[in-house]
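Below is one structure; the comments refer to it alone.
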Amino acid sequence: MFNFLLQKKLSKFEKLVNKTKKFEPILNNYSYKQLKEQTTILQKKYNKDQNLNELLPETFATIKEAIKRATGLKLFDVQILGSIILHYGKIAEMKTGEGKTLVAIVTSYLNAFSKKGVHIITVNDYLAKRDYELAYKIFNYLNITVGLVKPSQIYSERKKQYLCDITYITNSELGFDYLRDNMAVDLDMIVQRKFNFAIIDEVDSILIDEARTPLIISGPSDSITDKYIKSTEITQKLEKYIDYDIDEKIKSVTLTEQGVLHCEKLLKINNLYNINNSWIQYLLNALKARELFLKDQHYIIKNNEIIIVDEFTGRIMEGRRWSDGLHQAIESKEKIKIQQDNKTLASITYQNLFLLYSKLSGITGTAKTEETELDKIYKLEVIEVPTNKPCKRKDLSDLVYKTEYNKWQAIANECFDMYQIGRPTLIGTTNVQKSELLANILNELQIPYNLLNAKPENIARESEIITQAGRKFAITISTNMAGRGTDIILGGNAETMSKIVLINYIQIKLGFRTKNQLNKIEENITLILKNLKIEEIKNIIEENNLETIIEERIANKNINEIIYNTYKQILEEYKLIFNQEKKEILDLGGLYVIGTERHESRRIDNQLRGRSGRQGDQGSSQFFLSLEDNLLRIFGGDKISILMQQLHLDENTPIESIMLSKSLNSAQKKVESYFFDVRKQLFDYDEVINNQRQAIYTERKRILESNFTRDCIIEYGESTIDEILFLYDKEINISNRYNLIAQIYKLLNLTEKFNTKQIIQMKDRQIKLFLYEQLRITYDLRESYLEQLRPGLVRQLEKYYLLQQIDKGWQEHLEKMSLLRESIGWRSYGQQDPLVEYKNEAFNLFINMVTYIRQTVIYLTMRSRLIINMKE
Ligand code: ADP
Ligand code: MG
């Protein structure tokens, strides 16, 4: 049934591919000017009936023609198929090297006609820039504006980029801009438009791997750092399994009863859980820091700061901090300066950020294994697109060694053999530490290699290393998916390589760099470089504009210009060398990928394998595992250890057993579903805050956009009156009733003397109308008084108070919500679902916050004279 439906859908899509082709011969003959006019023509058609689907074939054919003219590449049918899938708001699974960058560009062109903006989202700044440059070149032929958001831009520049038809941006820039926009105190500071359509490149990395950590904007708060240090000291005196237990699976630590007593004794207090002086989070964090968060695996230390390493990509995540005091606990463990506790000012998860788009789509090489999650949370269907040429890669079955030691020896030997014959090999490792372990063994064996991991000095060379990873004799060690988005071309990428060599050479000649980064440079290339007259370019180049200038010159293609001329010669030479190398490498079997551990999901394993065998090349992949690997140790269960004892294994012979493979697979699925649960839970809990966030952000925007905030103030005042009168109605005690009225008078700053008896004798409705009237009269007086002081000031003040109090209220609310979340975890509810409990309490907190905001705004505006005096 399912297949049948899918078949039907695909055949509909295939028809569209054929329809697209019909336009090709016509467009082929168009002049430069005619092609450019296509955008205006198509745009007009769209404006008439607002139907993008109708326009798809002609539009796709048009951009296909533009791509051909701008890059010389002719799109494959499978690429058009991918673009169609994206247009229909789905995920297209297309393998590495299939040309996904262009696929996204095609879809973005069609969707640009709505003029509401298209975002193309990438995993890092390097890719955003690279893809933007390509798109820019192509859209030059079509009168479409393309923008790029970069971390260094100020808000006015950002705004410009967001206003383009198509905008390239990383997921984190997008998220932080969203949060900042919703903290803006001036309409001009808002940079983003309403989210319309997004194409997410490497979509699994963003919607799945990154979805575990929310984006947080935080500001300093005033808490004490002593507790962290003290906790670190105390936990050093605790004993594993006696004072505390660890659950590696869910990364949690618990104190045993004995441990609680022990801590209380050491701290000389009688209750760790005392709400007013709680120690428990500090101690648990200190234990976590000690047992579960390891240097060079989960974080690195750079410039005396703890920097998180993304477990999946091996990338460092600058500026991100673990929340709820964990980061400080690690700082304390490492004896570096403990940064102030940060208060969350705004936060959002990627799940909810991307759900803000009217239409969402994505591409990646690996999504099929996570299709349930993508469907459940994002309502995104995954459709596999066949490769352009059949995949010839051989995925060999796993080799399992008894110990880790044997495993690494075997891997090193394999590298040695490959290096001897010159076959390029890529070894994927799960963390920095292990990548260095292998690097050390290779050092001993005197095998040259390139190392790509989260260490800052390596990141700078990332794309360059990946560019060379397909060359003969290249041995590349890489953490997980470093260099994601850059594909490995057998023999090497001549364009990138030529650019790097040229930049490098000029840098050295001008004294900006002392050592050559590259392993070796061919003699012919050196000869070409020697002919480059450095004096001629010396004056125009400075250290900080060097790369830009060289890139510009290369893009301009003026053969009489010295830099381009040299580049062109190097390029020709490299093309020859690389073509020859490619042939030799194919004879050797293509790129060889070695996995050193099964990852936390099959998807990540597939990512690694997918590095090899691009565009129908030869290639193979092999995983080397050991019985001591984390996956088997933690999730393998008893079967494995029993097996271990039963088999009298020779240390150096790998095992291949069906039972073992089965255990491995089931362990991996267990981990996958565990992490899915974690993300699902984060999503469910965040959904509660998300609804509140949308409500607050909408209110905030209404105020920000309003030119007449007086209405808001009066509205807040009336609601405040209503709320208190609601209590008043239910109250029977006269003196309490009196107090409630007094409270209203105080909040509204009503100075007029009033007669309690009179009020209390009024009917409910009368009281209300009377107080409403008092509110208006008092506010009119205040307003005219302020107008006298300075015309227009009152509106500014109103806006200021409204925004200030909403932000303050929301931030305090976030803090309470996070405490609530924690305490829900601790409490035991018997049969009750903690999520339901959380929802109820969250609702109450929200109502309290709204009331509090209204009341303080009213209180402050009604007294605004004082503030003015202070300001003046
Ligand atoms: P992916 O993102 O799918 O891994 P990229 O978009 O990075 O792939 O493209 C990989 C390489 O394939 C690039 O060098 C690109 O220029 C090339 N490429 C893309 N489309 C085509 C095509 N239709 N014909 C030839 N080469 C192509
Ligand atoms: Mg890509």
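Going by the structure tokens order, chains are called A, B, ..., each with residues numbered from 1, while ligands are numbered from 1 in the order shown.
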So that each row is one residue of chain A with an atom at most 6 Å from ligand 1, can you give its shortest atom pair and the distance in Å to one decimal, using only C-alpha atoms and all ligand atoms, rows by chain and rising number, as CSV?
```
residue,atom,partner,partner_atom_place_in_ligand_line,distance
A:Leu73,CA,ligand 1,24 (N),4.9
A:Lys74,CA,ligand 1,23 (N),4.7
A:Leu75,CA,ligand 1,23 (N),3.7
A:Phe76,CA,ligand 1,23 (N),4.9
A:Lys95,CA,ligand 1,3 (O),6.0
A:Thr96,CA,ligand 1,4 (O),3.6
A:Gly97,CA,ligand 1,4 (O),3.5
A:Glu98,CA,ligand 1,3 (O),4.0
A:Gly99,CA,ligand 1,6 (O),3.3
A:Lys100,CA,ligand 1,3 (O),3.8
A:Thr101,CA,ligand 1,6 (O),3.8
A:Leu102,CA,ligand 1,6 (O),5.9
A:Gly485,CA,ligand 1,2 (O),5.6
A:Thr486,CA,ligand 1,7 (O),5.7
A:Asp487,CA,ligand 1,4 (O),5.4
```
Write as a ChimeraX atom specification the residues around ligand 2, taking 12 Å as the cut-off and counting only C-alpha atoms and all ligand atoms.
-> /A:93-105,120-124,126-128,130-131,200-203,205,362-366,483-488,607,611
Provide the atom CA of Ala742 of chain A to atom CA of Glu787 of chain A distance in Å, to one decimal place.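 Pair atom CA of Ala742 of chain A / atom CA of Glu787 of chain A returns 28.5 Å.
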Practice prompt. Name the residues of segment 471-555 of chain A that fall into helix (DSSP H, G or I) according to DSSP on the backbone, using the chain letters and numbers of this document, as a PyMOL selection string.
Written response: chain A and resi 494-509+523-530+534-538+546-555
Give the strand (DSSP E) residues of segment 26-186 of chain A, as assigned by DSSP on the backbone, as a compact mmCIF listing (two decimals) with N, CA and C atoms, in the first residue's frame.
```
# COMPACT_ATOMS: atom_id res chain seq x y z
N ILE A 91 11.82 15.85 2.59
CA ILE A 91 13.26 15.66 2.65
C ILE A 91 13.70 14.76 1.50
N ALA A 92 14.69 15.21 0.75
CA ALA A 92 15.23 14.37 -0.31
C ALA A 92 16.52 13.76 0.20
N GLU A 93 16.58 12.44 0.24
CA GLU A 93 17.83 11.78 0.63
C GLU A 93 18.65 11.56 -0.62
N VAL A 118 13.44 33.11 0.94
CA VAL A 118 13.79 31.69 1.03
C VAL A 118 15.09 31.61 1.82
N HIS A 119 15.14 30.77 2.82
CA HIS A 119 16.38 30.58 3.59
C HIS A 119 17.01 29.25 3.21
N ILE A 120 18.29 29.30 2.88
CA ILE A 120 19.01 28.04 2.69
C ILE A 120 19.95 27.90 3.88
N ILE A 121 19.73 26.86 4.65
CA ILE A 121 20.41 26.75 5.94
C ILE A 121 21.50 25.69 5.88
N THR A 122 22.70 26.08 6.31
CA THR A 122 23.82 25.14 6.28
C THR A 122 24.39 24.94 7.68
N VAL A 146 20.71 37.52 -3.82
CA VAL A 146 21.14 36.47 -2.89
C VAL A 146 21.90 37.11 -1.74
N GLY A 147 21.62 36.70 -0.54
CA GLY A 147 22.29 37.26 0.63
C GLY A 147 23.01 36.20 1.44
N LEU A 148 23.91 36.66 2.30
CA LEU A 148 24.65 35.76 3.18
C LEU A 148 24.74 36.40 4.56
N ILE A 166 16.79 35.32 -1.69
CA ILE A 166 17.31 34.06 -1.14
C ILE A 166 18.43 34.40 -0.16
N THR A 167 18.43 33.76 1.00
CA THR A 167 19.44 34.07 2.00
C THR A 167 20.13 32.80 2.49
N TYR A 168 21.45 32.81 2.47
CA TYR A 168 22.23 31.70 3.02
C TYR A 168 22.60 32.01 4.47
N ILE A 169 22.45 31.03 5.32
CA ILE A 169 22.67 31.28 6.75
C ILE A 169 22.88 29.96 7.47
N THR A 170 23.62 30.00 8.58
CA THR A 170 23.77 28.77 9.37
C THR A 170 22.62 28.68 10.36
```
Per residue of segment 554-667 of chain A within 8 Å of segment 382-395 of chain A, note the shortest atom pair and the distance in Å to one decimal, counting only C-alpha atoms, and order the rows by chain and increasing residue number, as a Markdown table.
```
| residue | atom | partner | partner_atom | distance |
| --- | --- | --- | --- | --- |
| A:Arg609 | CA | A:Asp395 | CA | 7.6 |
| A:Ser612 | CA | A:Arg393 | CA | 6.8 |
| A:Gly613 | CA | A:Arg393 | CA | 5.0 |
| A:Arg614 | CA | A:Cys391 | CA | 7.4 |
| A:Gln615 | CA | A:Lys389 | CA | 5.9 |
| A:Gly616 | CA | A:Cys391 | CA | 4.9 |
| A:Asp617 | CA | A:Lys392 | CA | 6.4 |
| A:Gln618 | CA | A:Lys392 | CA | 5.5 |
| A:Gly619 | CA | A:Arg393 | CA | 4.5 |
| A:Ser620 | CA | A:Lys394 | CA | 4.5 |
| A:Ser621 | CA | A:Asp395 | CA | 4.8 |
| A:Gln622 | CA | A:Asp395 | CA | 6.2 |
```
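Using only C-alpha atoms, the protein and nucleic acid residues lying no more than 9 Å from Ile475 of chain A, apart from those fewer than 6 places from it along its own chain, are Cys415, Met418, Tyr419, Arg423, Pro424, Thr425, Leu426, Ile427, Ile447, Pro448, Tyr449, Asn450, Leu451 and Ala469 of chain A.
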Note to self: I'd like the contact shell of segment 835-839 of chain A - 8 Å cut-off, only C-alpha atoms, skipping same-chain residues fewer than 3 positions apart - returned as a ChimeraX atom specification.
What the structure shows: /A:684-685,688,820-821,824,832,842-843
Can you pull out every residue within 8 Å of segment 153-165 of chain A, counting only C-alpha atoms, but drop anything in the same chain fewer than 2 positions away, and send it as JSON, numbers by chain? {"A": [112, 115, 116, 117, 118, 144, 145, 146, 147, 148, 149, 150, 151, 167, 189, 190, 191, 192, 193]}
I'd like to know which of A:Leu55, A:Met762, A:Leu797, A:Ile714 is closest to Asp780 of chain A, using only C-alpha atoms.
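Of A:Leu55, A:Met762, A:Leu797, A:Ile714, the one nearest Asp780 of chain A, counting only C-alpha atoms, is A:Ile714.
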_Spatial neighbours of Leu360 of chain A, 8 Å, only C-alpha atoms, chain gap at least 4 places, as a list in words_ =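 After dropping sequence-adjacent residues, the list is Gly89, Lys90, Phe197, Ala198, Ile199, Ile200, Phe354, Leu355 and Leu380 of chain A.
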Quick one: residues within 10 Å of Lys583 of chain A, only C-alpha atoms, excluding same-chain residues fewer than 5 positions away - as a JSON list (two decimals) with C-alpha atoms, in the first residue's frame?
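File written: selection_15.json
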```json
[["chain", "number", "residue", "atom", "x", "y", "z"],
["A", 490, "LEU", "CA", 39.42, 10.98, -6.02],
["A", 491, "GLY", "CA", 42.77, 12.32, -7.13],
["A", 578, "PHE", "CA", 44.85, 14.58, -10.60],
["A", 588, "LEU", "CA", 43.56, 0.36, -6.38],
["A", 590, "GLY", "CA", 39.02, 3.89, -4.81]]
```
ask   = atom CA of Ile250 of chain A and atom CA of Ile634 of chain A are how many Å apart?
value =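 Distance between the two atoms: 10.5 Å.
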Determine the nearest neighbour of Ser31 of chain A from the options A:Glu65, A:Leu238, A:Tyr745, A:Phe473, counting only C-alpha atoms.
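Going through A:Glu65, A:Leu238, A:Tyr745, A:Phe473 one by one, the smallest distance to Ser31 of chain A is for A:Glu65.
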If you count only C-alpha atoms, the residue of A:Ile534, A:Ala346, A:Ala412, A:Leu704 closest to Leu437 of chain A turns out to be A:Ala412
message: Calculated over only C-alpha atoms, which of the candidates A:Asp188, A:Glu54, A:Glu572, A:Glu597 has the smallest distance to Asn431 of chain A?
response: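 The shortest atom-to-atom distance to Asn431 of chain A comes from A:Glu597.
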Choose the residue, out of A:Ile338, A:Ile489, A:Leu353, A:Ile234, that has the smallest atom-to-atom separation from Glu173 of chain A; count only C-alpha atoms.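 Closest to Glu173 of chain A of all the choices is A:Leu353.
Of note, atom CA of Ile696 of chain A and atom CA of Gln811 of chain A are spaced 11.2 Å apart.
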- Query: Between A:Lys36, A:Lys288, A:Lys402, A:Lys227, which one has atoms that come closest to Tyr244 of chain A, using only C-alpha atoms?
  - Reply: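 Among the listed residues, the smallest separation from Tyr244 of chain A belongs to A:Lys288.
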